[in-house]
Every structure is written in C-alpha cells, then in structure tokens.
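Structure data follow from model_35.cif (mmCIF, C-alpha atoms):
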```
data_query
loop_
_atom_site.label_atom_id
_atom_site.label_comp_id
_atom_site.auth_asym_id
_atom_site.auth_seq_id
_atom_site.Cartn_x
_atom_site.Cartn_y
_atom_site.Cartn_z
CA MET O 207 -1.40 -14.57 -34.99
CA PHE O 208 -5.06 -13.86 -35.29
CA ASP O 209 -6.42 -16.72 -37.37
CA TYR O 210 -9.54 -17.43 -35.38
CA ASN O 211 -12.89 -16.82 -36.99
CA PHE O 212 -15.60 -15.64 -34.70
CA HIS O 213 -18.97 -17.17 -35.31
CA TRP O 214 -21.67 -15.28 -33.49
CA ARG O 215 -24.65 -16.57 -35.44
CA PRO O 216 -25.30 -19.76 -33.42
CA VAL O 217 -25.07 -17.71 -30.25
CA PHE O 218 -27.61 -15.19 -31.41
CA ARG O 219 -29.88 -17.96 -32.58
CA SER O 220 -29.91 -19.45 -29.09
CA LEU O 221 -30.23 -16.09 -27.36
CA PRO O 222 -33.84 -16.82 -26.24
CA ASP O 223 -32.62 -20.00 -24.53
CA LEU O 224 -29.88 -18.06 -22.79
CA ILE O 225 -32.27 -15.38 -21.58
CA GLY O 226 -34.67 -18.05 -20.34
CA ALA O 227 -31.79 -19.65 -18.47
CA GLY O 228 -30.92 -16.22 -17.10
CA LEU O 229 -34.39 -16.07 -15.57
CA THR O 230 -33.75 -19.47 -13.94
CA THR O 231 -30.55 -18.04 -12.48
CA LEU O 232 -32.45 -15.08 -11.13
CA GLU O 233 -35.15 -17.34 -9.70
CA VAL O 234 -32.68 -19.52 -7.83
CA ALA O 235 -30.82 -16.48 -6.55
CA VAL O 236 -33.98 -14.77 -5.29
CA LEU O 237 -35.32 -17.93 -3.64
CA SER O 238 -32.02 -18.67 -1.95
CA MET O 239 -31.83 -15.08 -0.73
CA ILE O 240 -35.30 -15.34 0.82
CA ILE O 241 -34.49 -18.66 2.52
CA GLY O 242 -31.03 -17.41 3.46
CA THR O 243 -32.41 -14.22 4.98
CA LEU O 244 -34.91 -16.10 7.15
CA ILE O 245 -32.35 -18.67 8.33
CA GLY O 246 -29.66 -16.02 8.71
CA LEU O 247 -31.96 -13.92 10.90
CA GLY O 248 -32.66 -16.99 13.03
CA LEU O 249 -28.95 -17.83 13.30
CA ALA O 250 -28.07 -14.28 14.30
CA LEU O 251 -30.76 -14.21 17.01
CA ILE O 252 -29.69 -17.63 18.31
CA ARG O 253 -26.04 -16.59 18.45
CA MET O 254 -26.89 -13.45 20.39
CA ASN O 255 -29.50 -14.77 22.81
CA MET O 256 -28.86 -18.44 23.44
CA ARG O 257 -26.27 -20.63 25.10
CA GLY O 258 -25.49 -24.31 24.82
CA PRO O 259 -26.13 -26.59 21.84
CA ALA O 260 -28.22 -24.07 19.91
CA TYR O 261 -25.39 -21.52 20.07
CA TRP O 262 -22.83 -24.06 18.91
CA PHE O 263 -25.05 -25.23 16.09
CA ALA O 264 -25.53 -21.68 14.80
CA THR O 265 -21.86 -20.80 15.22
CA THR O 266 -20.75 -23.94 13.39
CA TRP O 267 -23.11 -23.17 10.53
CA VAL O 268 -21.89 -19.60 10.20
CA GLU O 269 -18.19 -20.46 10.40
CA LEU O 270 -18.48 -23.38 8.00
CA ALA O 271 -20.40 -21.32 5.48
CA ARG O 272 -17.92 -18.45 5.68
CA ASN O 273 -14.66 -20.38 5.78
CA THR O 274 -15.06 -22.99 3.05
CA PRO O 275 -15.43 -22.39 -0.71
CA ALA O 276 -18.97 -22.18 -2.05
CA LEU O 277 -18.02 -24.80 -4.62
CA LEU O 278 -17.12 -27.25 -1.86
CA GLN O 279 -20.49 -26.63 -0.21
CA LEU O 280 -22.18 -27.26 -3.52
CA PHE O 281 -20.31 -30.54 -3.97
CA PHE O 282 -21.24 -31.51 -0.45
CA PHE O 283 -24.94 -31.08 -1.15
CA GLY O 284 -24.55 -32.77 -4.51
CA PHE O 285 -22.06 -35.61 -4.32
CA GLY O 286 -21.69 -35.84 -0.56
CA LEU O 287 -25.35 -36.27 0.25
CA GLY O 288 -25.77 -38.36 -2.88
CA ALA O 289 -23.31 -40.90 -1.48
CA VAL O 290 -25.43 -41.50 1.61
CA GLY O 291 -28.56 -41.97 -0.46
CA ILE O 292 -30.06 -38.49 -0.36
CA LEU O 293 -30.43 -37.79 -4.07
CA LEU O 294 -31.45 -34.23 -4.82
CA SER O 295 -32.24 -32.71 -8.17
CA PRO O 296 -29.66 -30.22 -9.50
CA TYR O 297 -32.11 -27.41 -8.79
CA THR O 298 -32.45 -28.44 -5.15
CA ILE O 299 -28.70 -28.90 -4.79
CA VAL O 300 -27.96 -25.39 -6.00
CA LEU O 301 -30.81 -23.90 -3.99
CA ALA O 302 -29.73 -25.70 -0.80
CA ALA O 303 -26.06 -24.82 -1.18
CA LEU O 304 -26.76 -21.18 -2.00
CA SER O 305 -29.19 -20.85 0.90
CA PHE O 306 -26.69 -22.45 3.25
CA ASN O 307 -23.99 -20.06 2.10
CA CYS O 308 -26.17 -16.94 2.12
CA ALA O 309 -27.55 -17.77 5.57
CA GLY O 310 -24.02 -17.94 6.97
CA TYR O 311 -22.92 -14.62 5.50
CA LEU O 312 -26.18 -12.84 6.26
CA ALA O 313 -26.18 -14.06 9.87
CA GLU O 314 -22.99 -12.08 10.46
CA ASN O 315 -24.46 -9.02 8.75
CA PHE O 316 -27.59 -9.25 10.86
CA ARG O 317 -25.54 -9.69 14.01
CA GLY O 318 -23.64 -6.51 13.19
CA GLY O 319 -26.95 -4.76 12.54
CA PHE O 320 -28.47 -5.89 15.83
CA GLN O 321 -25.40 -4.83 17.75
CA ALA O 322 -25.62 -1.36 16.25
CA ILE O 323 -29.04 -0.88 17.90
CA PRO O 324 -28.65 0.18 21.56
CA ASP O 325 -30.04 -2.26 24.15
CA THR O 326 -32.03 0.55 25.70
CA GLN O 327 -34.39 0.59 22.72
CA LEU O 328 -35.56 -2.92 23.44
CA ARG O 329 -35.96 -2.12 27.13
CA ALA O 330 -37.86 1.08 26.37
CA ALA O 331 -40.20 -0.79 24.04
CA ARG O 332 -40.77 -3.47 26.66
CA SER O 333 -41.54 -0.93 29.34
CA MET O 334 -44.06 0.72 27.03
CA GLY O 335 -45.97 -2.56 27.33
CA MET O 336 -44.94 -4.16 24.04
CA THR O 337 -44.37 -7.88 23.99
CA ASN O 338 -40.96 -9.17 22.99
CA TRP O 339 -42.33 -10.07 19.55
CA GLN O 340 -43.83 -6.60 19.07
CA ALA O 341 -40.64 -4.91 20.21
CA TYR O 342 -38.56 -6.90 17.76
CA THR O 343 -40.87 -6.67 14.74
CA ARG O 344 -41.82 -3.00 15.19
CA ILE O 345 -38.80 -1.37 16.75
CA ILE O 346 -35.63 -3.38 16.30
CA ILE O 347 -35.94 -5.17 12.97
CA PRO O 348 -36.98 -2.11 10.92
CA GLN O 349 -33.85 -0.33 12.10
CA VAL O 350 -31.68 -3.37 11.52
CA PHE O 351 -33.12 -3.69 8.04
CA ARG O 352 -32.00 -0.19 7.24
CA ILE O 353 -28.45 -1.01 8.36
CA VAL O 354 -28.21 -4.33 6.53
CA TYR O 355 -29.96 -3.16 3.37
CA HIS O 356 -26.73 -2.48 1.54
CA PRO O 357 -25.05 -5.76 2.55
CA LEU O 358 -28.25 -7.56 1.56
CA THR O 359 -28.00 -6.08 -1.91
CA ASN O 360 -24.39 -7.17 -2.15
CA GLN O 361 -25.31 -10.65 -1.03
CA MET O 362 -28.01 -10.77 -3.68
CA VAL O 363 -25.39 -10.00 -6.32
CA TRP O 364 -23.14 -12.67 -4.84
CA ALA O 365 -26.00 -15.15 -4.98
CA VAL O 366 -26.41 -14.51 -8.70
CA LEU O 367 -22.68 -14.87 -9.30
CA MET O 368 -22.44 -17.98 -7.15
CA SER O 369 -25.35 -19.66 -8.88
CA SER O 370 -23.05 -19.95 -11.91
CA LEU O 371 -21.39 -22.82 -10.04
CA GLY O 372 -24.56 -24.79 -10.76
CA MET O 373 -22.91 -25.54 -14.10
CA LEU O 374 -20.61 -27.99 -12.31
CA VAL O 375 -23.42 -30.11 -10.87
CA GLY O 376 -25.36 -30.22 -14.09
CA PHE O 377 -27.91 -27.51 -13.35
CA ARG O 378 -29.19 -25.77 -16.47
CA GLU O 379 -29.12 -22.19 -15.27
CA LEU O 380 -27.38 -19.52 -17.32
CA SER O 381 -23.88 -21.03 -17.09
CA GLY O 382 -25.03 -24.61 -17.37
CA GLU O 383 -27.17 -23.81 -20.38
CA THR O 384 -24.28 -21.94 -21.95
CA GLN O 385 -21.96 -24.86 -21.43
CA ALA O 386 -24.48 -27.28 -22.92
CA LEU O 387 -24.98 -25.08 -25.97
CA ALA O 388 -21.28 -24.34 -26.33
CA SER O 389 -20.31 -27.99 -26.25
CA ARG O 390 -22.78 -28.63 -29.02
CA THR O 391 -21.25 -26.04 -31.35
CA PHE O 392 -17.70 -25.67 -29.94
CA ARG O 393 -18.13 -21.90 -30.01
CA ILE O 394 -17.08 -21.76 -26.38
CA PHE O 395 -15.63 -18.27 -26.39
CA GLU O 396 -18.55 -16.67 -28.18
CA TYR O 397 -21.15 -18.33 -25.96
CA PHE O 398 -19.41 -17.45 -22.74
CA ALA O 399 -18.80 -13.89 -23.88
CA VAL O 400 -22.51 -13.39 -24.41
CA THR O 401 -23.24 -15.08 -21.08
CA ALA O 402 -20.83 -12.74 -19.35
CA ILE O 403 -22.76 -9.81 -20.78
CA ILE O 404 -26.06 -11.29 -19.61
CA TYR O 405 -24.66 -11.70 -16.11
CA TYR O 406 -23.44 -8.13 -16.18
CA VAL O 407 -26.88 -6.90 -17.18
CA ILE O 408 -28.57 -8.97 -14.46
CA VAL O 409 -26.23 -7.58 -11.82
CA LYS O 410 -26.79 -4.02 -13.04
CA ILE O 411 -30.57 -4.51 -12.95
CA ILE O 412 -30.37 -5.79 -9.38
CA LEU O 413 -28.23 -2.86 -8.27
CA GLY O 414 -30.47 -0.36 -10.03
CA ALA O 415 -33.65 -1.88 -8.59
CA SER O 416 -32.09 -1.91 -5.15
CA ARG O 417 -31.21 1.77 -5.45
CA LEU O 418 -34.72 2.66 -6.57
CA LEU O 419 -36.20 0.61 -3.75
CA ALA O 420 -33.89 2.30 -1.25
CA ALA O 421 -35.00 5.73 -2.42
CA ARG O 422 -38.59 4.64 -1.94
CA LEU O 423 -38.11 2.84 1.40
CA PHE O 424 -35.77 5.20 3.19
CA ARG O 425 -37.29 8.55 2.38
CA TYR O 426 -37.30 9.71 5.98
CA MET T 84 -10.08 -67.54 -2.99
CA GLU T 85 -10.91 -65.81 -6.22
CA PRO T 86 -9.10 -62.52 -6.64
CA THR T 87 -11.81 -59.94 -7.18
CA ALA T 88 -11.07 -57.23 -9.65
CA THR T 89 -12.02 -53.86 -8.23
CA PHE T 90 -11.58 -50.39 -9.56
CA PHE T 91 -12.16 -48.81 -6.22
CA SER T 92 -9.87 -48.86 -3.24
CA GLY T 93 -10.36 -47.38 0.17
CA PHE T 94 -8.97 -44.12 1.42
CA GLN T 95 -5.35 -44.63 2.34
CA LEU T 96 -2.80 -42.72 4.28
CA ASN T 97 -0.79 -41.62 1.26
CA ASP T 98 -3.96 -40.09 -0.17
CA LEU T 99 -3.67 -37.63 2.68
CA TRP T 100 -0.22 -36.75 1.33
CA PHE T 101 -1.77 -36.25 -2.12
CA LEU T 102 -4.30 -33.88 -0.58
CA ALA T 103 -1.58 -32.04 1.29
CA GLN T 104 0.31 -31.47 -1.97
CA ALA T 105 -2.88 -30.20 -3.55
CA ALA T 106 -3.40 -27.90 -0.56
CA TRP T 107 0.10 -26.58 -1.17
CA ARG T 108 -0.84 -25.81 -4.78
CA THR T 109 -3.98 -24.03 -3.60
CA LEU T 110 -1.81 -22.02 -1.26
CA VAL T 111 0.71 -21.17 -4.00
CA ILE T 112 -1.86 -19.92 -6.48
CA SER T 113 -3.72 -18.04 -3.74
CA VAL T 114 -0.68 -16.31 -2.31
CA LEU T 115 0.64 -15.37 -5.76
CA SER T 116 -2.67 -14.03 -7.04
CA ILE T 117 -3.42 -12.19 -3.80
CA SER T 118 0.03 -10.54 -3.85
CA VAL T 119 -0.16 -9.48 -7.49
CA GLY T 120 -3.83 -8.54 -7.14
CA THR T 121 -3.23 -6.45 -4.06
CA LEU T 122 -0.35 -4.59 -5.65
CA LEU T 123 -2.35 -3.89 -8.81
CA GLY T 124 -5.45 -3.13 -6.75
CA ILE T 125 -3.68 -0.49 -4.70
CA ILE T 126 -2.41 1.16 -7.88
CA PHE T 127 -5.88 1.03 -9.43
CA GLY T 128 -7.44 2.32 -6.23
CA TRP T 129 -5.00 5.20 -6.19
CA MET T 130 -5.80 5.94 -9.85
CA LEU T 131 -9.53 5.93 -9.10
CA TYR T 132 -8.92 8.22 -6.14
CA GLU T 133 -6.61 10.66 -7.88
CA GLY T 134 -7.23 10.67 -11.63
CA LYS T 135 -10.67 12.12 -11.63
CA LEU T 136 -12.30 11.99 -15.03
CA TRP T 137 -10.34 9.61 -17.21
CA ALA T 138 -10.12 6.99 -14.49
CA THR T 139 -13.85 7.02 -13.80
CA LEU T 140 -14.50 6.79 -17.52
CA THR T 141 -12.10 3.99 -18.39
CA LEU T 142 -10.75 2.10 -15.41
CA ALA T 143 -13.89 2.04 -13.26
CA PRO T 144 -16.17 0.29 -15.78
CA ILE T 145 -13.52 -2.33 -16.54
CA LEU T 146 -12.99 -3.15 -12.88
CA ASP T 147 -16.74 -3.10 -12.41
CA ALA T 148 -17.14 -5.72 -15.13
CA PHE T 149 -14.73 -8.03 -13.33
CA ARG T 150 -16.83 -7.69 -10.21
CA SER T 151 -20.16 -8.25 -11.99
CA VAL T 152 -19.32 -11.35 -13.99
CA PRO T 153 -18.99 -14.71 -12.20
CA LEU T 154 -15.39 -15.76 -11.70
CA LEU T 155 -16.19 -19.13 -13.25
CA ILE T 156 -17.26 -17.43 -16.50
CA GLN T 157 -14.18 -15.20 -16.45
CA LEU T 158 -11.93 -18.25 -16.10
CA VAL T 159 -13.59 -20.20 -18.90
CA LEU T 160 -13.67 -17.12 -21.10
CA PHE T 161 -10.02 -16.25 -20.61
CA PHE T 162 -8.88 -19.85 -20.91
CA ASN T 163 -10.58 -20.02 -24.31
CA PHE T 164 -9.62 -16.51 -25.33
CA ALA T 165 -5.87 -16.78 -24.72
CA PRO T 166 -5.23 -19.26 -27.59
CA ILE T 167 -7.17 -16.97 -29.94
CA ILE T 168 -4.65 -14.19 -29.50
CA GLY T 169 -1.82 -16.71 -29.70
CA LEU T 170 -1.04 -17.16 -26.03
CA ASN T 171 -0.51 -20.71 -24.93
CA LEU T 172 -1.22 -20.64 -21.24
CA ASP T 173 -1.46 -23.65 -19.01
CA PRO T 174 -4.33 -23.81 -16.51
CA PHE T 175 -2.11 -22.49 -13.73
CA MET T 176 -1.14 -19.33 -15.63
CA SER T 177 -4.68 -18.68 -16.84
CA GLY T 178 -5.99 -19.12 -13.32
CA LEU T 179 -3.28 -16.89 -11.93
CA VAL T 180 -3.96 -14.10 -14.41
CA ILE T 181 -7.72 -14.08 -13.88
CA LEU T 182 -7.55 -14.49 -10.11
CA SER T 183 -5.06 -11.63 -9.92
CA ILE T 184 -7.20 -9.28 -11.98
CA TYR T 185 -10.29 -10.33 -10.06
CA CYS T 186 -8.49 -9.70 -6.79
CA ALA T 187 -7.22 -6.36 -8.10
CA ALA T 188 -10.75 -5.29 -9.00
CA LEU T 189 -11.93 -6.05 -5.48
CA VAL T 190 -8.89 -4.52 -3.79
CA ALA T 191 -9.16 -1.34 -5.89
CA ASN T 192 -12.44 -0.52 -4.17
CA VAL T 193 -11.02 -1.30 -0.76
CA ALA T 194 -7.90 0.79 -1.42
CA ARG T 195 -9.93 3.74 -2.62
CA GLY T 196 -12.07 3.47 0.51
CA GLY T 197 -8.91 3.53 2.59
CA MET T 198 -7.63 6.67 0.87
CA GLN T 199 -10.97 8.35 1.34
CA ALA T 200 -10.92 7.42 5.01
CA VAL T 201 -7.93 9.73 5.56
CA GLU T 202 -9.17 13.19 6.28
CA LEU T 203 -8.09 15.84 3.85
CA SER T 204 -7.03 18.15 6.67
CA MET T 205 -4.58 15.48 7.81
CA ARG T 206 -3.01 15.34 4.38
CA ARG T 207 -2.88 19.12 4.09
CA ALA T 208 -1.15 19.22 7.44
CA ALA T 209 1.40 16.70 6.17
CA ARG T 210 2.04 18.75 3.06
CA SER T 211 2.33 21.93 5.11
CA LEU T 212 5.02 20.27 7.18
CA GLY T 213 7.06 20.02 4.02
CA MET T 214 6.35 16.41 3.07
CA SER T 215 6.32 15.63 -0.61
CA TYR T 216 3.27 14.07 -2.23
CA TRP T 217 4.83 10.59 -2.04
CA GLN T 218 5.96 11.07 1.53
CA ASP T 219 2.43 12.06 2.39
CA LEU T 220 1.12 8.87 0.75
CA ARG T 221 3.74 6.70 2.38
CA TYR T 222 3.81 8.07 5.91
CA VAL T 223 0.29 9.45 6.39
CA VAL T 224 -2.20 7.84 4.04
CA LEU T 225 -0.78 4.32 4.12
CA PRO T 226 -0.75 3.83 7.90
CA ILE T 227 -4.09 5.52 8.60
CA GLY T 228 -6.03 4.35 5.57
CA GLY T 229 -4.44 0.92 5.60
CA ARG T 230 -5.53 0.40 9.17
CA ALA T 231 -9.08 1.48 8.34
CA VAL T 232 -9.53 -1.04 5.55
CA PHE T 233 -7.26 -3.85 6.69
CA PRO T 234 -10.18 -6.04 7.84
CA SER T 235 -11.97 -5.72 4.53
CA TRP T 236 -8.73 -6.48 2.70
CA VAL T 237 -8.41 -9.68 4.73
CA GLY T 238 -11.98 -10.52 3.73
CA VAL T 239 -11.13 -10.02 0.06
CA ALA T 240 -7.94 -12.08 0.34
CA LEU T 241 -9.73 -14.97 2.01
CA GLY T 242 -12.46 -14.73 -0.61
CA VAL T 243 -9.87 -15.05 -3.37
CA MET T 244 -8.30 -18.00 -1.55
CA LYS T 245 -11.66 -19.75 -1.47
CA ASP T 246 -12.45 -18.78 -5.05
CA SER T 247 -9.17 -20.33 -6.18
CA ALA T 248 -11.14 -23.58 -5.91
CA LEU T 249 -12.73 -22.58 -9.22
CA VAL T 250 -9.42 -22.93 -11.05
CA SER T 251 -10.05 -26.68 -10.74
CA VAL T 252 -12.47 -26.22 -13.64
CA LEU T 253 -9.55 -25.48 -15.94
CA GLY T 254 -7.76 -28.63 -14.83
CA TYR T 255 -5.27 -27.27 -12.33
CA VAL T 256 -5.01 -29.93 -9.64
CA GLU T 257 -5.57 -27.92 -6.50
CA LEU T 258 -7.38 -29.01 -3.38
CA LEU T 259 -10.86 -29.34 -4.82
CA ARG T 260 -9.74 -31.05 -7.99
CA ALA T 261 -7.70 -33.47 -5.91
CA SER T 262 -10.79 -34.26 -3.87
CA GLN T 263 -12.70 -35.06 -7.05
CA ILE T 264 -9.92 -37.33 -8.30
CA LEU T 265 -9.86 -39.17 -5.01
CA THR T 266 -13.64 -39.38 -4.89
CA THR T 267 -13.68 -41.04 -8.27
CA ARG T 268 -11.29 -43.69 -7.03
CA THR T 269 -12.51 -44.30 -3.51
CA GLN T 270 -16.22 -43.60 -3.88
CA GLU T 271 -16.24 -41.95 -0.50
CA PRO T 272 -17.22 -38.36 -1.27
CA LEU T 273 -18.45 -37.48 2.21
CA LEU T 274 -15.19 -38.38 3.93
CA ILE T 275 -13.01 -36.67 1.33
CA LEU T 276 -15.13 -33.55 1.12
CA ALA T 277 -15.00 -33.34 4.91
CA ILE T 278 -11.19 -33.60 4.89
CA VAL T 279 -10.87 -31.01 2.12
CA GLY T 280 -13.34 -28.76 3.88
CA LEU T 281 -11.20 -29.06 6.99
CA PHE T 282 -8.11 -28.07 4.99
CA TYR T 283 -9.82 -24.92 3.69
CA PHE T 284 -11.22 -24.20 7.11
CA ALA T 285 -7.79 -24.54 8.67
CA LEU T 286 -6.39 -22.10 6.10
CA SER T 287 -9.17 -19.55 6.40
CA TYR T 288 -10.49 -19.62 9.96
CA PRO T 289 -7.35 -18.60 11.89
CA VAL T 290 -6.72 -15.68 9.55
CA SER T 291 -10.27 -14.38 9.83
CA ARG T 292 -10.13 -14.75 13.64
CA TYR T 293 -6.84 -12.88 13.76
CA ALA T 294 -8.21 -10.08 11.57
CA ALA T 295 -11.30 -9.80 13.77
CA SER T 296 -9.17 -9.53 16.90
CA LEU T 297 -6.96 -6.90 15.26
CA GLU T 298 -10.04 -4.95 14.26
CA LYS T 299 -11.32 -5.06 17.81
CA ARG T 300 -7.98 -3.93 19.20
CA TRP T 301 -7.64 -1.06 16.73
CA ALA T 302 -11.20 0.10 17.31
CA SER T 303 -10.62 0.64 21.02
#
```
Can you present the structure in this file as structure tokens?
Amino acid sequence: MFDYNFHWRPVFRSLPDLIGAGLTTLEVAVLSMIIGTLIGLGLALIRMNMRGPAYWFATTWVELARNTPALLQLFFFGFGLGAVGILLSPYTIVLAALSFNCAGYLAENFRGGFQAIPDTQLRAARSMGMTNWQAYTRIIIPQVFRIVYHPLTNQMVWAVLMSSLGMLVGFRELSGETQALASRTFRIFEYFAVTAIIYYVIVKIILGASRLLAARLFRY
Amino acid sequence: MEPTATFFSGFQLNDLWFLAQAAWRTLVISVLSISVGTLLGIIFGWMLYEGKLWATLTLAPILDAFRSVPLLIQLVLFFNFAPIIGLNLDPFMSGLVILSIYCAALVANVARGGMQAVELSMRRAARSLGMSYWQDLRYVVLPIGGRAVFPSWVGVALGVMKDSALVSVLGYVELLRASQILTTRTQEPLLILAIVGLFYFALSYPVSRYAASLEKRWAS
C-alpha cells in the first residue's frame, strides 16, 4: 500500500527560493491591505453619508466583492481586463484583485465600527469647535480603529491566504513558486507540504505580531 | 464564398445551459460539504467546549492548521497525498473531503462561540429542573446558542460556497471551470465572467440578505 518514496532533498535545496517567495506573498498581502483599508474606509463613509450615484457605486462594490468568489475576481482582473486590452502584470492583477476584495470586506467592518460610535460624539466634538475633519480623525476614527482592529487582523490573514490564488494567474508568489518548482521535479506533495508549513508560520507570525501590537496600542 | 476555418465560435444559448449544469454541480458540492462540515464542526466545537485538556492539545491545533493554510494548498496537497496512501479519489471526492474538513474547522469555532454564549446559570437552571445533559444541550443550548451564532454560520457557509470555486483546480467542472472552458472556445472572457459572477451573486446575495434581516429581527 505504501510504496511511495518521499524525496525531501530537492525541496530543502530550494528552501531559500520558497522563503523569498514567501516574502513576496507577504508584500502583496500587506500592500493590498493598506490599499484595501483606505478604499474600504472611503466606501464605508460614502455608504453612510451620501445618496445617489456615489452610494450605489459603493454599495455595488461592496456587494460584488462579498458575494462572488475571490478567484472569479482575480480572473476578472486577469483575463477579463486582458480581453479588452488592459494587460496587467501578474503582480498588478493579484494586487488589484486582493485590494478590491479586501476593500469590500473591510468597508462592512468599518461601517459596523462607525455605527457602534454614538452620533452624539460627533456632535459634541463639533460643538467644541472642531472641524468635521478634526472630529473624525481625532475622535471617531481612533475609536473605530479599536473596534475593527481584530477584524483587520483577520482580514490580513485572509489576504495572505487569498494571495495563494496568484498561482492560477502565473504570479510567482509562494504558491506559484512552489508550483513552478514542483512541476520541474514532480515532487508535488513534498513541495506543497513545505509550502503549507511556510504559510502556517506566516499566519502565526501575523497573529503574534498583531497581539503584541494590540498590547502596545490598547494599554488604556 | 470560401469557408473559413475557425476554432472560435460565439457565445450561444446552449452554453447558458452548460453553465447552468455547472452551477448545479457547484451547488451540489457546496451543499454536501457544508452539511458534512457543519455536522462535524458542531461535534468538534462541542469537544473543544467540553473536553478541556486533551481537546485543546490535539484537536485545536489540527483545526487551526486547516484555518491557517490556504484552501488551494490543502486541495493540491490532499489530491496528491491520497494516491500515496492508496486512495484513488476523483476530483469531486477530494474536493468534497477537503471542503468538508475546512468547513468543519471554521464551524467548530462558531459552534464553540455559540455554546459559550449560553450563560452557565441558564444551563444550571435547566439541570436543576431535572433535564439530562443531552436534554440541556438539545432544548437550552441549541436554541439560544444557535440563534446567537446563526449569522456567522451563514457567513461561513457562504464562504465555503464561494471557495468551492477552487475545486476547479483539481479538474472538477463546476461553475468557474466551466467559465474557463467556455472562455477558451469563445474568447469572450468578460461576458462569461460576468454571467458566472451573476450566478454566484444570485446564489449568495439572497442568503446573506436573509441572514442579515433575521439578525436584525432577533436583535430587537
């Protein structure tokens, strides 16, 4: 029954490549989180404060991002836009699709966070003579940040996991690199096993860092 | 008139039927894996909640691994691992097994959260009234805890439905794979991706709306 010989040597030999690719994964995930957070914040504010076309645009974005598979979104940015002449590099495709997806999910988190802050706080800040901008950046958003911190961490983990889909559009992040190496040696199981462990470690590092940061940020 | 040989043909009406069949397959694998995963997840969640030490030492890290490794990697890994131990699984079975375990790992957390949401005093009261342990679980914990976490369970289920798109990587012709096959023939990726996106949207959006409205009604 068990006549398969494991060959780990080629995997270990290409471990530096895999770890380098892991850093690419992390880079894409972090960048898409930053872009996604900014857009998501904008979408949440638009959905709460505006009417008309802007509201519908933001709502459509959020619902599309949340109700279709991430892989479909990735294919849209890759093959869909490619068909109408917008040719993006694999890096840009993955970054765009991940940002689109993260923005949609984060917008809902932010909206929940904003709704948890009583209206009276904004009014109190305004009557103290703060401008709208000051009231938001100094009173509202710091409190919202505290509420959405945990969901943000989760989304960061999701971004890392989702970036593995880059493999399917030819992006050489951790999964793509693994696939390329595995198809050269046909040690598919061994390569992907090691990759799984690398992903696990990355996720654990993110969660640990987030916990440390939380202890530092939310001392009071 | 010279007959021109062409490999590509336009999008036809019976392609829509092809997509509908693929959507049915997406639905089948989703419903099966969500059902099995939920059942397993509730059992795991109960084990995490009740069995203190041994569960946290053995079960928790395993479930955690399934949540920290990208589903795509899990699928590829399992699909290549099954033949090693002498199992000959077709893409559908491999996808079903991994999706179910993945779903179970996510549901386990939700289920444990639900059990923790039931106040201990409530359960003690149930036991004092003469209910057995299982009666207490069935008639007290299930309705109260289930209600508390129902929205997050819907979120997990829809997530698994969308993630079932990844099974296409193994060669199971579900919705996304069908869209790729059609794209290769018709060279109209934007149109087909839009139709497929609409299919997913039509599956996911009503359910998430319904869950949101239920949540609102139960909260009041």
Among the residues T:Val224, T:Leu102, T:Ala209, T:Ile117, the one that comes closest to Ile264 (chain T) [using only C-alpha atoms]: T:Leu102
Interatomic distance between CA of Phe212 (chain O) and CA of Gly169 (chain T)?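 Interatomic distance, CA of Phe212 (chain O) to CA of Gly169 (chain T): 14.7 Å.
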Rounded to one decimal in Å, what is the spacing between CA of Thr266 (chain T) and CA of Ile278 (chain T)? 11.6 Å
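With all atoms listed in the file as the basis for measurement, T:Ala187 is the residue among T:Ala105, T:Leu276, T:Ala187, T:Ala138 that approaches Ile125 (chain T) most closely.
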Apply the PyMOL selection byres ((chain T and resi 132-136) around 12) to the displayed file and report the matching residues as a PyMOL selection string. chain T and resi 124-131+137-143+191-201+216+220
Any chance you could export the current selection's C-alpha atoms as a short mmCIF file (atom, residue, chain, number, x, y, z; two decimals), in the frame of the given file?
```
data_model
loop_
_atom_site.label_atom_id
_atom_site.label_comp_id
_atom_site.auth_asym_id
_atom_site.auth_seq_id
_atom_site.Cartn_x
_atom_site.Cartn_y
_atom_site.Cartn_z
CA GLY T 124 -5.45 -3.13 -6.75
CA ILE T 125 -3.68 -0.49 -4.70
CA ILE T 126 -2.41 1.16 -7.88
CA PHE T 127 -5.88 1.03 -9.43
CA GLY T 128 -7.44 2.32 -6.23
CA TRP T 129 -5.00 5.20 -6.19
CA MET T 130 -5.80 5.94 -9.85
CA LEU T 131 -9.53 5.93 -9.10
CA TRP T 137 -10.34 9.61 -17.21
CA ALA T 138 -10.12 6.99 -14.49
CA THR T 139 -13.85 7.02 -13.80
CA LEU T 140 -14.50 6.79 -17.52
CA THR T 141 -12.10 3.99 -18.39
CA LEU T 142 -10.75 2.10 -15.41
CA ALA T 143 -13.89 2.04 -13.26
CA ALA T 191 -9.16 -1.34 -5.89
CA ASN T 192 -12.44 -0.52 -4.17
CA VAL T 193 -11.02 -1.30 -0.76
CA ALA T 194 -7.90 0.79 -1.42
CA ARG T 195 -9.93 3.74 -2.62
CA GLY T 196 -12.07 3.47 0.51
CA GLY T 197 -8.91 3.53 2.59
CA MET T 198 -7.63 6.67 0.87
CA GLN T 199 -10.97 8.35 1.34
CA ALA T 200 -10.92 7.42 5.01
CA VAL T 201 -7.93 9.73 5.56
CA TYR T 216 3.27 14.07 -2.23
CA LEU T 220 1.12 8.87 0.75
#
```
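Restricting the calculation to only C-alpha atoms, the smallest distance between Ile240 (chain O) and any of O:Leu312, O:Val354, O:Leu387, O:Leu418 is found for O:Leu312.
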Residues at most 12 Å from Leu115 (chain T), counting all atoms listed in the file, excluding those fewer than 3 positions away in the same chain, as an MDAnalysis selection string? chainID T and resid 108:112 118:122 175:176 178:184 186 240 243:244 247
